[in-house]
>>> print(open('data04.tsv').read())   # TSV, C-alpha atoms and all ligand atoms
chain	number	residue	atom	x	y	z
P	1	MET	CA	94.84	-64.28	40.28
P	2	ARG	CA	94.27	-63.93	36.53
P	3	SER	CA	90.75	-64.64	35.22
P	4	ASN	CA	90.12	-66.81	32.17
P	5	PRO	CA	89.49	-64.44	29.18
P	6	LEU	CA	87.44	-66.98	27.17
P	7	PRO	CA	84.16	-66.80	29.14
P	8	THR	CA	84.46	-63.01	29.13
P	9	ARG	CA	84.97	-62.89	25.37
P	10	ARG	CA	82.05	-65.29	24.86
P	11	ALA	CA	79.85	-63.09	27.06
P	12	VAL	CA	80.77	-60.01	25.02
P	13	LEU	CA	79.88	-61.81	21.79
P	14	ILE	CA	76.54	-62.94	23.20
P	15	VAL	CA	75.75	-59.38	24.31
P	16	LEU	CA	76.70	-58.02	20.89
P	17	ALA	CA	74.66	-60.72	19.15
P	18	LEU	CA	71.62	-59.98	21.28
P	19	ALA	CA	72.02	-56.27	20.59
P	20	GLY	CA	71.96	-57.18	16.92
P	21	THR	CA	68.56	-58.80	17.25
P	22	ALA	CA	67.03	-55.36	17.47
P	23	HIS	CA	69.44	-53.15	15.56
P	24	ALA	CA	71.54	-53.17	12.44
P	25	TYR	CA	75.24	-52.42	12.69
P	26	PRO	CA	75.71	-48.76	11.76
P	27	GLU	CA	79.48	-48.76	12.42
P	28	PHE	CA	80.19	-50.22	8.99
P	29	GLN	CA	77.73	-47.94	7.20
P	30	LYS	CA	79.23	-44.90	8.95
P	31	GLN	CA	82.82	-45.89	8.20
P	32	ILE	CA	82.13	-46.56	4.50
P	33	SER	CA	80.24	-43.27	4.16
P	34	GLN	CA	83.10	-41.35	5.77
P	35	SER	CA	85.90	-42.99	3.80
P	36	SER	CA	84.16	-42.91	0.41
P	37	GLY	CA	82.33	-39.60	0.73
P	38	ARG	CA	79.17	-41.27	-0.56
P	39	THR	CA	75.91	-41.81	1.27
P	40	VAL	CA	75.46	-45.46	2.21
P	41	ASN	CA	72.20	-46.71	3.70
P	42	CYS	CA	71.10	-50.00	5.26
P	43	ALA	CA	70.35	-51.42	1.79
P	44	LEU	CA	74.08	-52.12	1.48
P	45	CYS	CA	73.52	-55.34	3.46
P	46	HIS	CA	69.81	-55.49	4.29
P	47	VAL	CA	66.75	-56.32	2.25
P	48	HIS	CA	65.02	-53.13	3.37
P	49	SER	CA	66.74	-49.78	2.98
P	50	ASP	CA	65.52	-48.68	6.43
P	51	GLY	CA	67.16	-51.68	8.10
P	52	PRO	CA	65.70	-54.78	9.79
P	53	GLU	CA	63.31	-53.14	12.24
P	54	GLY	CA	59.73	-52.71	11.12
P	55	THR	CA	56.87	-54.59	9.56
P	56	ALA	CA	57.56	-54.02	5.86
P	57	PRO	CA	58.67	-56.88	3.57
P	58	GLY	CA	62.26	-57.77	4.42
P	59	GLN	CA	61.91	-56.52	7.99
P	60	ILE	CA	61.61	-58.54	11.20
P	61	GLY	CA	57.94	-57.77	11.80
P	62	HIS	CA	57.04	-59.24	8.42
P	63	LEU	CA	58.81	-62.58	8.78
P	64	THR	CA	57.00	-65.90	8.74
P	65	ALA	CA	57.71	-68.51	11.40
P	66	ALA	CA	60.03	-70.37	9.03
P	67	GLU	CA	61.89	-67.16	8.21
P	68	GLN	CA	62.29	-66.37	11.90
P	69	THR	CA	63.85	-69.79	12.38
P	70	GLU	CA	66.26	-69.07	9.53
P	71	LEU	CA	67.00	-65.66	11.04
P	72	GLY	CA	67.89	-67.32	14.34
P	73	ARG	CA	70.18	-69.75	12.53
P	74	ALA	CA	71.88	-66.89	10.69
P	75	ARG	CA	72.38	-64.93	13.88
P	76	SER	CA	74.11	-67.83	15.55
P	77	ALA	CA	76.36	-68.57	12.58
P	78	PHE	CA	79.49	-67.54	14.48
P	79	ALA	CA	81.87	-69.58	12.34
P	80	PRO	CA	82.53	-68.93	8.61
P	81	ASN	CA	80.94	-71.03	5.84
P	82	ALA	CA	77.72	-71.75	7.76
P	83	ASN	CA	75.77	-71.35	4.51
P	84	VAL	CA	72.99	-69.36	6.14
P	85	LYS	CA	70.47	-67.18	4.35
P	86	SER	CA	69.10	-64.54	6.66
P	87	PRO	CA	65.72	-63.25	5.40
P	88	ILE	CA	66.54	-59.70	6.53
P	89	LEU	CA	69.89	-59.58	4.70
P	90	ASN	CA	70.43	-59.19	0.99
P	91	ARG	CA	72.84	-61.34	-1.01
P	92	PHE	CA	75.83	-59.24	-0.01
P	93	GLY	CA	74.87	-59.25	3.68
P	94	ASN	CA	74.58	-63.02	3.63
P	95	HIS	CA	77.84	-63.32	1.68
P	96	LEU	CA	79.48	-61.26	4.40
P	97	ILE	CA	78.26	-63.49	7.26
P	98	ASN	CA	78.98	-66.70	5.37
P	99	SER	CA	82.49	-65.53	4.47
P	100	ILE	CA	83.77	-64.38	7.84
P	101	GLY	CA	81.19	-65.68	10.34
P	102	LYS	CA	79.18	-63.68	12.84
P	103	LYS	CA	81.92	-63.82	15.48
P	104	LYS	CA	84.47	-62.05	13.30
P	105	PHE	CA	81.81	-59.65	12.05
P	106	LEU	CA	80.95	-58.60	15.61
P	107	GLU	CA	84.62	-58.19	16.50
P	108	LEU	CA	85.07	-55.88	13.51
P	109	ARG	CA	82.51	-53.45	14.88
P	110	VAL	CA	85.33	-51.74	16.78
P	111	THR	CA	87.56	-51.62	13.68
P	112	PRO	CA	85.04	-51.40	10.79
P	113	ALA	CA	87.71	-50.22	8.33
P	114	GLU	CA	89.18	-53.75	8.42
P	115	LEU	CA	86.00	-55.37	7.10
P	116	ALA	CA	87.07	-55.32	3.43
P	117	SER	CA	90.42	-56.94	4.16
P	118	GLN	CA	88.65	-59.87	5.85
P	119	LEU	CA	86.40	-60.65	2.87
P	120	PRO	CA	87.33	-62.72	-0.21
P	121	GLN	CA	89.19	-60.26	-2.42
P	122	ASP	CA	88.13	-61.45	-5.86
P	123	ILE	CA	84.35	-61.83	-5.49
P	124	ASP	CA	82.19	-59.62	-7.71
P	125	LEU	CA	78.58	-60.46	-6.84
P	126	ASP	CA	76.93	-58.15	-9.39
P	127	GLY	CA	79.40	-59.00	-12.15
P	128	ASP	CA	80.10	-55.37	-13.08
P	129	GLY	CA	83.86	-55.93	-13.12
P	130	ILE	CA	84.43	-54.16	-9.79
P	131	THR	CA	85.12	-56.48	-6.85
P	132	ASP	CA	82.93	-56.29	-3.76
P	133	VAL	CA	85.81	-55.07	-1.59
P	134	ARG	CA	86.52	-52.28	-4.09
P	135	GLU	CA	82.85	-51.34	-4.04
P	136	LEU	CA	83.00	-51.16	-0.24
P	137	ALA	CA	86.00	-48.84	-0.47
P	138	THR	CA	84.32	-46.60	-3.04
P	139	GLY	CA	80.88	-46.63	-1.39
P	140	THR	CA	79.06	-48.17	-4.35
P	141	HIS	CA	76.61	-51.04	-4.10
P	142	PRO	CA	78.05	-54.53	-4.64
P	143	LEU	CA	74.70	-55.82	-5.91
P	144	ILE	CA	73.80	-53.04	-8.36
P	145	LYS	CA	75.56	-53.49	-11.67
P	146	SER	CA	75.08	-49.89	-12.75
P	147	ASP	CA	76.35	-48.48	-9.45
P	148	GLY	CA	80.10	-48.01	-9.66
P	149	LEU	CA	82.55	-45.16	-10.02
P	150	PRO	CA	82.36	-44.16	-13.72
P	151	TRP	CA	86.07	-44.63	-14.43
P	152	LEU	CA	86.08	-48.06	-12.75
P	153	LEU	CA	83.04	-49.13	-14.78
P	154	PHE	CA	84.71	-47.78	-17.95
P	155	LYS	CA	87.92	-49.67	-17.17
P	156	ALA	CA	86.00	-52.89	-16.47
P	157	ASN	CA	83.92	-52.55	-19.66
P	158	LEU	CA	87.03	-51.80	-21.70
P	159	ALA	CA	88.79	-54.88	-20.32
P	160	ALA	CA	85.72	-57.05	-20.94
P	161	ASN	CA	85.28	-55.83	-24.52
P	162	LEU	CA	88.91	-55.25	-25.49
P	163	SER	CA	88.86	-57.56	-28.52
P	164	GLN	CA	85.74	-55.86	-29.97
P	165	VAL	CA	87.22	-52.43	-29.34
P	166	LEU	CA	90.44	-53.40	-31.13
P	167	LEU	CA	88.48	-54.83	-34.08
P	168	MET	CA	86.45	-51.62	-34.36
P	169	LEU	CA	89.64	-49.57	-34.20
P	170	VAL	CA	91.27	-51.60	-36.98
P	171	ALA	CA	88.09	-51.40	-39.10
P	172	THR	CA	87.94	-47.62	-38.60
P	173	VAL	CA	91.61	-47.16	-39.59
P	174	LEU	CA	91.18	-49.36	-42.65
P	175	GLY	CA	87.98	-47.51	-43.56
P	176	LEU	CA	89.72	-44.14	-43.32
P	177	TRP	CA	92.70	-45.46	-45.32
P	178	GLY	CA	90.34	-46.75	-48.05
P	179	LEU	CA	88.38	-43.48	-48.12
P	180	HIS	CA	91.58	-41.50	-48.43
P	181	HIS	CA	92.71	-43.56	-51.42
P	182	LEU	CA	89.27	-43.40	-53.02
P	183	LEU	CA	89.21	-39.60	-52.76
P	184	HIS	CA	92.77	-39.48	-54.09
P	185	GLY	CA	91.65	-41.59	-57.07
P	186	PHE	CA	88.73	-39.27	-57.75
P	187	ASP	CA	91.09	-36.31	-57.58
P	188	ILE	CA	93.45	-37.87	-60.17
P	189	ALA	CA	90.54	-38.75	-62.46
P	190	THR	CA	89.14	-35.21	-62.21
P	191	ARG	CA	92.51	-33.65	-63.00
P	192	ALA	CA	92.93	-36.02	-65.98
P	193	ASN	CA	89.51	-35.01	-67.31
P	194	ASP	CA	90.30	-31.33	-66.85
P	195	ASP	CA	93.62	-31.73	-68.74
P	196	HIS	CA	91.82	-33.60	-71.52
P	197	ASP	CA	89.17	-30.85	-71.80
P	198	ASP	CA	91.90	-28.19	-71.96
P	199	GLU	CA	93.71	-30.04	-74.75
P	200	THR	CA	90.45	-30.44	-76.68
P	201	GLU	CA	89.67	-26.72	-76.43
P	202	THR	CA	93.14	-25.72	-77.65
V	1	CA	CA	80.75	-55.38	-8.40
>>> encode(input="data04.tsv", output="structure tokens", more="lines below")
Ligand SMILES: [Ca+2]
Amino acid sequence: MRSNPLPTRRAVLIVLALAGTAHAYPEFQKQISQSSGRTVNCALCHVHSDGPEGTAPGQIGHLTAAEQTELGRARSAFAPNANVKSPILNRFGNHLINSIGKKKFLELRVTPAELASQLPQDIDLDGDGITDVRELATGTHPLIKSDGLPWLLFKANLAANLSQVLLMLVATVLGLWGLHHLLHGFDIATRANDDHDDETET
């Protein structure tokens, strides 16, 4: 006789969710660090860089009663678009849960490399021109505008300021063209003066 897989799956999710009440989810941090070659700490998704456990601001031991209630609501937000705001998660961590839901997030623990493909592809929370999913792939922080691979930041800045760059380029070319003609004019005038002086002396 074949057992119903739904209760089993639900039980696994509950176990994983309860495990998450005490620990962060290092699978994602580990996978991003390995694939990008950059060190990624808990501050990628959490308020505190050491993760949720502890008594410092942004950690579980520091939460007020109202924040604990909000934490409980965030932890049971299994479906997407629950619009929760966990007090131990930063803006990106909350964006993650609100986008895919806690259920999908927990499922992805066994295949953390698929996290980026499940998120909205065009969101750029820090507005640096590099999408959040690209920042995940490159191991940079999606909430720190100055943290991005230099060539990606350069490309984004160039695209954002293309019209100004083109104007500066045109102004520079025109300036050089004008300077060239001015110097050429001085040269002609100098030669004319020299010829005049020579004629006067002879
Ligand atoms: Ca970004």
>>> closest_atom_pairs(input="data04.tsv", of="chain P", to="ligand CA 1 (chain V)", cutoff="12 Å", atoms="all atoms listed in the file", output="JSON lines")
{"residue": "P:Phe92", "atom": "CA", "partner": "V:CA1", "partner_atom": "CA", "distance": 10.5}
{"residue": "P:Gln121", "atom": "CA", "partner": "V:CA1", "partner_atom": "CA", "distance": 11.4}
{"residue": "P:Asp122", "atom": "CA", "partner": "V:CA1", "partner_atom": "CA", "distance": 9.9}
{"residue": "P:Ile123", "atom": "CA", "partner": "V:CA1", "partner_atom": "CA", "distance": 7.9}
{"residue": "P:Asp124", "atom": "CA", "partner": "V:CA1", "partner_atom": "CA", "distance": 4.5}
{"residue": "P:Leu125", "atom": "CA", "partner": "V:CA1", "partner_atom": "CA", "distance": 5.7}
{"residue": "P:Asp126", "atom": "CA", "partner": "V:CA1", "partner_atom": "CA", "distance": 4.8}
{"residue": "P:Gly127", "atom": "CA", "partner": "V:CA1", "partner_atom": "CA", "distance": 5.4}
{"residue": "P:Asp128", "atom": "CA", "partner": "V:CA1", "partner_atom": "CA", "distance": 4.7}
{"residue": "P:Gly129", "atom": "CA", "partner": "V:CA1", "partner_atom": "CA", "distance": 5.7}
{"residue": "P:Ile130", "atom": "CA", "partner": "V:CA1", "partner_atom": "CA", "distance": 4.1}
{"residue": "P:Thr131", "atom": "CA", "partner": "V:CA1", "partner_atom": "CA", "distance": 4.8}
{"residue": "P:Asp132", "atom": "CA", "partner": "V:CA1", "partner_atom": "CA", "distance": 5.2}
{"residue": "P:Val133", "atom": "CA", "partner": "V:CA1", "partner_atom": "CA", "distance": 8.5}
{"residue": "P:Arg134", "atom": "CA", "partner": "V:CA1", "partner_atom": "CA", "distance": 7.8}
{"residue": "P:Glu135", "atom": "CA", "partner": "V:CA1", "partner_atom": "CA", "distance": 6.3}
{"residue": "P:Leu136", "atom": "CA", "partner": "V:CA1", "partner_atom": "CA", "distance": 9.5}
{"residue": "P:Ala137", "atom": "CA", "partner": "V:CA1", "partner_atom": "CA", "distance": 11.5}
{"residue": "P:Thr138", "atom": "CA", "partner": "V:CA1", "partner_atom": "CA", "distance": 10.9}
{"residue": "P:Gly139", "atom": "CA", "partner": "V:CA1", "partner_atom": "CA", "distance": 11.2}
{"residue": "P:Thr140", "atom": "CA", "partner": "V:CA1", "partner_atom": "CA", "distance": 8.4}
{"residue": "P:His141", "atom": "CA", "partner": "V:CA1", "partner_atom": "CA", "distance": 7.4}
{"residue": "P:Pro142", "atom": "CA", "partner": "V:CA1", "partner_atom": "CA", "distance": 4.7}
{"residue": "P:Leu143", "atom": "CA", "partner": "V:CA1", "partner_atom": "CA", "distance": 6.6}
{"residue": "P:Ile144", "atom": "CA", "partner": "V:CA1", "partner_atom": "CA", "distance": 7.3}
{"residue": "P:Lys145", "atom": "CA", "partner": "V:CA1", "partner_atom": "CA", "distance": 6.4}
{"residue": "P:Ser146", "atom": "CA", "partner": "V:CA1", "partner_atom": "CA", "distance": 9.0}
{"residue": "P:Asp147", "atom": "CA", "partner": "V:CA1", "partner_atom": "CA", "distance": 8.3}
{"residue": "P:Gly148", "atom": "CA", "partner": "V:CA1", "partner_atom": "CA", "distance": 7.5}
{"residue": "P:Leu149", "atom": "CA", "partner": "V:CA1", "partner_atom": "CA", "distance": 10.5}
{"residue": "P:Leu152", "atom": "CA", "partner": "V:CA1", "partner_atom": "CA", "distance": 10.0}
{"residue": "P:Leu153", "atom": "CA", "partner": "V:CA1", "partner_atom": "CA", "distance": 9.2}
{"residue": "P:Ala156", "atom": "CA", "partner": "V:CA1", "partner_atom": "CA", "distance": 9.9}
>>> closest_residue(input="data04.tsv", among="P:Ala82, P:Leu71, P:Val165, P:Ala24", to="Arg109 (chain P)", atoms="only C-alpha atoms")
P:Ala24
>>> atom_distance(input="data04.tsv", atom1="CA of Ser33 (chain P)", atom2="CA of Ser49 (chain P)")
15.0 Å
>>> atom_distance(input="data04.tsv", atom1="CA of Val40 (chain P)", atom2="CA of Ala159 (chain P)")
27.8 Å
>>> closest_residue(input="data04.tsv", among="P:His95, P:Lys102, P:His62, P:His180", to="Asn83 (chain P)", atoms="only C-alpha atoms")
P:His95
>>> atom_distance(input="data04.tsv", atom1="CA of Ala189 (chain P)", atom2="CA of Val173 (chain P)")
24.4 Å
>>> closest_residue(input="data04.tsv", among="P:Met168, P:Ala77, P:Ile88, P:Ala65", to="Gly51 (chain P)", atoms="only C-alpha atoms")
P:Ile88
>>> closest_residue(input="data04.tsv", among="P:Pro87, P:Gly101, P:Gly37, P:Pro80", to="Leu63 (chain P)", atoms="all atoms listed in the file")
P:Pro87
>>> closest_residue(input="data04.tsv", among="P:Ala192, P:Leu119, P:Ala160, P:Leu169", to="Asn98 (chain P)", atoms="only C-alpha atoms")
P:Leu119
>>> residues_around(input="data04.tsv", residues="Leu108 (chain P)", least_positions_apart="6", cutoff="9 Å", atoms="only C-alpha atoms", output="short mmCIF file (atom, residue, chain, number, x, y, z; two decimals) with C-alpha atoms, in the frame of the given file")
data_model
loop_
_atom_site.label_atom_id
_atom_site.label_comp_id
_atom_site.auth_asym_id
_atom_site.auth_seq_id
_atom_site.Cartn_x
_atom_site.Cartn_y
_atom_site.Cartn_z
CA PHE P 28 80.19 -50.22 8.99
CA GLU P 114 89.18 -53.75 8.42
CA LEU P 115 86.00 -55.37 7.10
#
>>> axis_aligned_box(input="data04.tsv", around="region 190-201 of chain P", padding_each_side="5 Å", output="lines of an AutoDock Vina configuration file")
center_x = 91.4
center_y = -31.4
center_z = -69.4
size_x = 14.6
size_y = 19.3
size_z = 24.5
>>> closest_residue(input="data04.tsv", among="P:Val170, P:Leu179, P:Leu96, P:Ala56", to="Ser117 (chain P)", atoms="only C-alpha atoms")
P:Leu96
